[in-house]
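Reproduced below: start19.pdb, with PDB, C-alpha atoms.
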ATOM      1  CA  MET A 649      29.574  -1.008  -7.248
ATOM      2  CA  ALA A 650      28.426   0.470  -3.963
ATOM      3  CA  THR A 651      25.385  -1.030  -2.284
ATOM      4  CA  LEU A 652      22.947   0.535   0.146
ATOM      5  CA  ARG A 653      20.790  -1.242   2.656
ATOM      6  CA  LEU A 654      17.411   0.462   2.849
ATOM      7  CA  LEU A 655      13.910  -0.573   3.768
ATOM      8  CA  TRP A 656      11.781  -1.385   0.733
ATOM      9  CA  PRO A 657       9.766   0.615  -0.097
ATOM     10  CA  LYS A 658      10.994   3.785   1.535
ATOM     11  CA  GLN A 659       8.085   5.499   3.270
ATOM     12  CA  THR A 660       9.231   9.101   3.740
ATOM     13  CA  LYS A 661       7.890  11.673   1.323
ATOM     14  CA  GLY A 662       8.352  15.403   1.304
ATOM     15  CA  TYR A 663       9.396  18.741  -0.142
ATOM     16  CA  PHE A 664      12.132  20.737   1.546
ATOM     17  CA  THR A 665      13.398  24.168   0.479
ATOM     18  CA  MET A 666      14.629  27.492   1.820
ATOM     19  CA  ALA A 667      13.935  30.842   0.132
ATOM     20  CA  LYS A 668      16.722  33.323  -0.628
ATOM     21  CA  ASN A 669      16.368  36.698  -2.345
ATOM     22  CA  ASN A 670      12.778  35.966  -3.424
ATOM     23  CA  LEU A 671      14.046  32.887  -5.260
ATOM     24  CA  PRO A 672      13.584  29.430  -3.776
ATOM     25  CA  ASP A 673      16.773  27.605  -2.948
ATOM     26  CA  ARG A 674      17.318  24.082  -4.217
ATOM     27  CA  ALA A 675      14.249  21.914  -3.725
ATOM     28  CA  LYS A 676      14.553  18.386  -2.359
ATOM     29  CA  LEU A 677      11.753  16.014  -3.314
ATOM     30  CA  LYS A 678      11.701  12.584  -1.703
ATOM     31  CA  HIS A 679       9.690   9.572  -2.812
ATOM     32  CA  PHE A 680       7.821  10.993  -5.816
ATOM     33  CA  GLU A 681       6.544   9.313  -8.981
ATOM     34  CA  ILE A 682       7.770  10.487 -12.391
ATOM     35  CA  THR A 683       6.012  10.624 -15.748
ATOM     36  CA  PHE A 684       6.542  11.986 -19.289
ATOM     37  CA  ARG A 685      10.128  10.726 -19.423
ATOM     38  CA  ASN A 686      12.505  11.872 -22.138
ATOM     39  CA  PHE A 687      15.977  11.283 -20.724
ATOM     40  CA  ALA A 688      17.259  10.416 -24.216
ATOM     41  CA  GLY A 689      16.386  13.894 -25.525
ATOM     42  CA  ARG A 690      14.511  12.604 -28.578
ATOM     43  CA  ALA A 691      12.280  14.895 -30.634
ATOM     44  CA  ASP A 692       8.675  14.136 -29.765
ATOM     45  CA  GLY A 693       6.244  16.101 -31.935
ATOM     46  CA  LYS A 694       5.113  19.400 -30.458
ATOM     47  CA  TYR A 695       6.217  18.598 -26.882
ATOM     48  CA  ASN A 696       9.996  18.086 -27.141
ATOM     49  CA  ARG A 697      12.745  19.437 -29.357
ATOM     50  CA  ALA A 698      15.638  17.112 -30.180
ATOM     51  CA  GLY A 699      18.274  17.253 -27.448
ATOM     52  CA  ASN A 700      15.950  18.484 -24.675
ATOM     53  CA  ARG A 701      16.191  15.931 -21.870
ATOM     54  CA  ASN A 702      13.417  16.176 -19.296
ATOM     55  CA  PHE A 703      10.820  14.431 -17.167
ATOM     56  CA  SER A 704       7.897  15.435 -14.982
ATOM     57  CA  ILE A 705       7.405  14.745 -11.298
ATOM     58  CA  VAL A 706       3.897  13.953 -10.058
ATOM     59  CA  LEU A 707       3.255  16.007  -6.921
ATOM     60  CA  ASP A 708       0.660  15.579  -4.203
ATOM     61  CA  ASP A 709      -1.700  18.537  -3.667
ATOM     62  CA  GLU A 710       0.096  19.883  -0.582
ATOM     63  CA  THR A 711       3.534  19.823  -2.221
ATOM     64  CA  ALA A 712       2.162  21.332  -5.439
ATOM     65  CA  ASP A 713       0.569  24.199  -3.504
ATOM     66  CA  LYS A 714       3.780  24.886  -1.533
ATOM     67  CA  MET A 715       5.998  24.800  -4.628
ATOM     68  CA  SER A 716       3.547  26.959  -6.584
ATOM     69  CA  ALA A 717       3.540  29.513  -3.762
ATOM     70  CA  ASP A 718       7.374  29.489  -3.857
ATOM     71  CA  GLY A 719       7.240  30.353  -7.578
ATOM     72  CA  TRP A 720       7.971  26.963  -9.187
ATOM     73  CA  ASN A 721       6.178  26.334 -12.486
ATOM     74  CA  VAL A 722       3.767  23.618 -11.296
ATOM     75  CA  LYS A 723       1.130  22.480 -13.785
ATOM     76  CA  ILE A 724      -2.168  21.736 -12.077
ATOM     77  CA  ARG A 725      -4.829  19.877 -14.039
ATOM     78  CA  GLU A 726      -8.250  19.664 -12.441
ATOM     79  CA  PHE A 727     -10.685  16.950 -13.498
ATOM     80  CA  ASP A 728     -14.497  16.966 -13.614
ATOM     81  CA  ASP A 729     -14.734  14.729 -10.530
ATOM     82  CA  GLY A 730     -12.922  17.342  -8.405
ATOM     83  CA  SER A 731      -9.585  15.506  -8.340
ATOM     84  CA  ARG A 732      -6.437  17.032  -9.721
ATOM     85  CA  ARG A 733      -3.031  15.977 -11.040
ATOM     86  CA  ASN A 734      -0.026  18.172 -10.341
ATOM     87  CA  THR A 735       3.217  17.929 -12.284
ATOM     88  CA  LEU A 736       6.519  19.790 -12.302
ATOM     89  CA  GLN A 737       8.633  19.506 -15.449
ATOM     90  CA  VAL A 738      12.356  19.063 -14.766
ATOM     91  CA  ALA A 739      15.127  19.714 -17.288
ATOM     92  CA  VAL A 740      18.230  17.520 -17.379
ATOM     93  CA  ARG A 741      21.175  19.419 -18.842
ATOM     94  CA  TYR A 742      24.543  17.927 -19.796
ATOM     95  CA  ASP A 743      25.734  20.722 -22.062
ATOM     96  CA  ILE A 744      27.011  22.908 -19.245
ATOM     97  CA  ASP A 745      30.099  21.336 -17.638
ATOM     98  CA  LYS A 746      29.768  23.363 -14.468
ATOM     99  CA  TYR A 747      26.266  22.078 -13.653
ATOM    100  CA  ARG A 748      26.300  18.433 -14.700
ATOM    101  CA  PRO A 749      23.749  16.478 -12.652
ATOM    102  CA  THR A 750      24.583  13.463 -10.516
ATOM    103  CA  VAL A 751      22.202  10.693 -11.573
ATOM    104  CA  MET A 752      21.968   7.216 -10.030
ATOM    105  CA  MET A 753      19.796   4.286 -11.025
ATOM    106  CA  VAL A 754      19.143   2.363  -7.815
ATOM    107  CA  THR A 755      18.231  -1.303  -8.236
ATOM    108  CA  PRO A 756      17.177  -3.671  -5.433
ATOM    109  CA  THR A 757      19.207  -6.864  -5.087
ATOM    110  CA  HIS A 758      18.116 -10.310  -3.917
ATOM    111  CA  ASP A 759      19.719  -9.879  -0.493
ATOM    112  CA  GLY A 760      17.809  -6.722   0.487
ATOM    113  CA  TYR A 761      20.478  -4.239  -0.553
ATOM    114  CA  PHE A 762      20.386  -1.664  -3.317
ATOM    115  CA  LYS A 763      22.932  -1.385  -6.107
ATOM    116  CA  ARG A 764      23.704   2.162  -7.293
ATOM    117  CA  THR A 765      24.632   2.592 -10.936
ATOM    118  CA  PRO A 766      25.922   6.059 -11.904
ATOM    119  CA  LEU A 767      24.486   7.345 -15.180
ATOM    120  CA  ASN A 768      26.018   9.879 -17.545
ATOM    121  CA  GLU A 769      24.827  11.603 -20.707
ATOM    122  CA  ASP A 770      25.404   8.396 -22.713
ATOM    123  CA  THR A 771      23.598   6.032 -20.318
ATOM    124  CA  ILE A 772      20.829   8.189 -18.815
ATOM    125  CA  ALA A 773      18.464   7.150 -21.631
ATOM    126  CA  ASN A 774      18.153   3.783 -19.796
ATOM    127  CA  LEU A 775      15.746   5.532 -17.420
ATOM    128  CA  ASP A 776      13.227   5.999 -20.260
ATOM    129  CA  SER A 777      12.417   2.284 -20.263
ATOM    130  CA  ALA A 778      13.142   1.393 -16.612
ATOM    131  CA  ARG A 779      10.262   0.533 -14.262
ATOM    132  CA  ILE A 780      10.853   3.346 -11.805
ATOM    133  CA  ALA A 781       9.039   3.031  -8.473
ATOM    134  CA  TYR A 782       9.927   6.525  -7.254
ATOM    135  CA  CYS A 783      12.668   9.134  -7.244
ATOM    136  CA  ASP A 784      14.507  11.308  -4.763
ATOM    137  CA  VAL A 785      15.781  14.489  -6.429
ATOM    138  CA  THR A 786      17.384  17.833  -5.757
ATOM    139  CA  LEU A 787      16.340  20.605  -8.147
ATOM    140  CA  ASN A 788      18.013  23.910  -8.939
ATOM    141  CA  PRO A 789      15.743  26.895  -9.709
ATOM    142  CA  ARG A 790      16.489  29.167 -12.680
ATOM    143  CA  VAL A 791      14.461  32.300 -13.401
ATOM    144  CA  TRP A 792      13.336  32.784 -16.996
ATOM    145  CA  THR A 793      11.801  35.796 -18.708
ATOM    146  CA  ASN A 794      10.184  35.733 -22.147
ATOM    147  CA  SER A 795       9.806  38.522 -24.719
ATOM    148  CA  ARG A 796       6.407  39.525 -23.234
ATOM    149  CA  GLY A 797       8.009  40.159 -19.838
ATOM    150  CA  GLU A 798       6.498  37.078 -18.184
ATOM    151  CA  GLN A 799       8.680  35.333 -15.615
ATOM    152  CA  GLY A 800       8.814  31.930 -14.027
ATOM    153  CA  ILE A 801      11.117  29.421 -12.396
ATOM    154  CA  LYS A 802      12.374  26.422 -14.332
ATOM    155  CA  ALA A 803      13.566  23.317 -12.466
ATOM    156  CA  TYR A 804      16.924  21.760 -13.373
ATOM    157  CA  LEU A 805      18.048  18.391 -12.042
ATOM    158  CA  THR A 806      21.044  18.638  -9.708
ATOM    159  CA  THR A 807      20.933  15.181  -8.124
ATOM    160  CA  GLY A 808      18.609  12.290  -8.872
ATOM    161  CA  TYR A 809      18.235   8.822  -7.392
ATOM    162  CA  PHE A 810      15.778   6.807  -9.477
ATOM    163  CA  ILE A 811      14.687   3.680  -7.639
ATOM    164  CA  VAL A 812      13.749   0.815  -9.958
ATOM    165  CA  GLU A 813      10.961  -1.595  -8.995
ATOM    166  CA  LYS A 814      12.091  -4.966  -7.770
ATOM    167  CA  ASP A 815      11.666  -7.632 -10.421
ATOM    168  CA  GLU A 816       9.433 -10.498  -9.357
ATOM    169  CA  PHE A 817      12.046 -13.049 -10.514
ATOM    170  CA  GLU A 818      15.047 -11.317  -8.901
ATOM    171  CA  ASP A 819      15.164 -13.682  -5.921
ATOM    172  CA  ASP A 820      14.988 -16.769  -8.158
ATOM    173  CA  TYR A 821      18.220 -15.909 -10.006
ATOM    174  CA  PRO A 822      20.726 -14.280  -7.639
ATOM    175  CA  GLU A 823      24.096 -13.231  -9.006
ATOM    176  CA  GLU A 824      27.197 -14.656  -7.409
ATOM    177  CA  ASP A 825      29.303 -12.337  -5.297
ATOM    178  CA  GLU A 826      32.219 -10.966  -7.301
ATOM    179  CA  ASP A 827      34.401 -10.985  -4.171
ATOM    180  CA  VAL A 828      34.131 -14.769  -3.650
ATOM    181  CA  GLU A 829      37.032 -16.681  -5.163
ATOM    182  CA  ASP A 830      36.215 -19.929  -6.937
ATOM    183  CA  GLU A 831      38.791 -22.576  -5.990
ATOM    184  CA  LYS A 832      37.989 -24.647  -9.084
ATOM    185  CA  ALA A 833      38.801 -21.849 -11.531
ATOM    186  CA  PRO A 834      42.165 -22.472 -13.251
ATOM    187  CA  PHE A 835      42.989 -18.740 -13.444
TER
END

Take the structure in the file and give it back as structure tokens.
Amino acid sequence: MATLRLLWPKQTKGYFTMAKNNLPDRAKLKHFEITFRNFAGRADGKYNRAGNRNFSIVLDDETADKMSADGWNVKIREFDDGSRRNTLQVAVRYDIDKYRPTVMMVTPTHDGYFKRTPLNEDTIANLDSARIAYCDVTLNPRVWTNSRGEQGIKAYLTTGYFIVEKDEFEDDYPEEDEDVEDEKAPF
């Protein structure tokens, strides 16, 4: 497995995109929280049909306003106290071979490095129960139109790095390096 050495936690946060033909180009979101996870694609009452894999990204007000202005389908919920919560729902599709997302679960190790674990359509459901600190994602926009003529932009995951929180006991039980040869081993 490849390992990365990064500062923990990563402090940069942002939204980066370029518009083309009145359609935003791929959006890059760095250091955002996720919620409403359904990477397994399970049926969930009135909110999810079986097989629909998705999650929502919690956006700060500035990013939500920028993405909304670019045409992304940002859900803004305002509360009585004047605060608001902004979310962008992201679809994760594996049924189209041409557009399969690259998904990595990034786990901190005891020595300050990160271990990247690639996930596929069979293993991505592990993210539903992981304690994710934040994510860095690239999203592809797709225009949709319904039967009433309404249009919007749906976000599809292109690349996702999901950084798992460091376990409080991680340093107490380090794994041995696989590269170190044990001279006492008979094989």

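Against this structure, the PyMOL selection byres ((chain A and resi 751) around 7) ends up with Pro749, Thr750, Met752, Met753, Pro766, Leu767, Thr807, Gly808 and Tyr809 of chain A.
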
(message) Given the point (12.6, 2.3, -18.1) in the file's coordinates, find the residues that have an atom at most 12 Å from it, counting all atoms listed in the file, and give them as a PyMOL selection string.
(response) chain A and resi 682-688+753+755+771-782+810-813

(message) Using all atoms listed in the file for the distances, tell me which of A:His679, A:Lys694, A:Val706, A:Ala717 is nearest to Leu736 in chain A.
(response) A:Val706

Centre and edges of the range 674-689 of chain A box, axis-aligned, 3 Å extra per side, as lines of an AutoDock Vina configuration file:
center_x = 11.7
center_y = 16.7
center_z = -13.6
size_x = 17.3
size_y = 20.8
size_z = 29.8

(message) One number please: CA of Ala675 in chain A to CA of Arg690 in chain A, in Å, one decimal.
(response) 26.5 Å

(request) For Tyr821 in chain A, list every protein, DNA or RNA residue within 12 Å, evaluated using all atoms listed in the file, and leave out those in the same chain fewer than 5 positions away; present the list as a PyMOL selection string. (result) chain A and resi 757-759+815-816

I need the output of the PyMOL selection byres ((chain A and resi 674) around 8) for this file as a PDB file with C-alpha atoms, in the coordinates of the input; which residues are they?
ATOM      1  CA  THR A 665      13.398  24.168   0.479  1.00  0.00           C
ATOM      2  CA  MET A 666      14.629  27.492   1.820  1.00  0.00           C
ATOM      3  CA  PRO A 672      13.584  29.430  -3.776  1.00  0.00           C
ATOM      4  CA  ASP A 673      16.773  27.605  -2.948  1.00  0.00           C
ATOM      5  CA  ALA A 675      14.249  21.914  -3.725  1.00  0.00           C
ATOM      6  CA  LYS A 676      14.553  18.386  -2.359  1.00  0.00           C
ATOM      7  CA  THR A 786      17.384  17.833  -5.757  1.00  0.00           C
ATOM      8  CA  LEU A 787      16.340  20.605  -8.147  1.00  0.00           C
ATOM      9  CA  ASN A 788      18.013  23.910  -8.939  1.00  0.00           C
ATOM     10  CA  PRO A 789      15.743  26.895  -9.709  1.00  0.00           C
TER      11      PRO A 789
END

(request) On this file, the PyMOL selection byres ((chain A and resi 709) around 10) gives some set of residues; write that set as a PyMOL selection string. (result) chain A and resi 706-708+710-715+724+731-735

(message) I'd like the interatomic distance between CA of Asn794 in chain A and CA of Asn702 in chain A, to a tenth of an Å.
(response) 20.0 Å

(request) Could you please determine the separation between CA of Ala691 in chain A and CA of Ala739 in chain A in Å, to one decimal place? (result) 14.5 Å
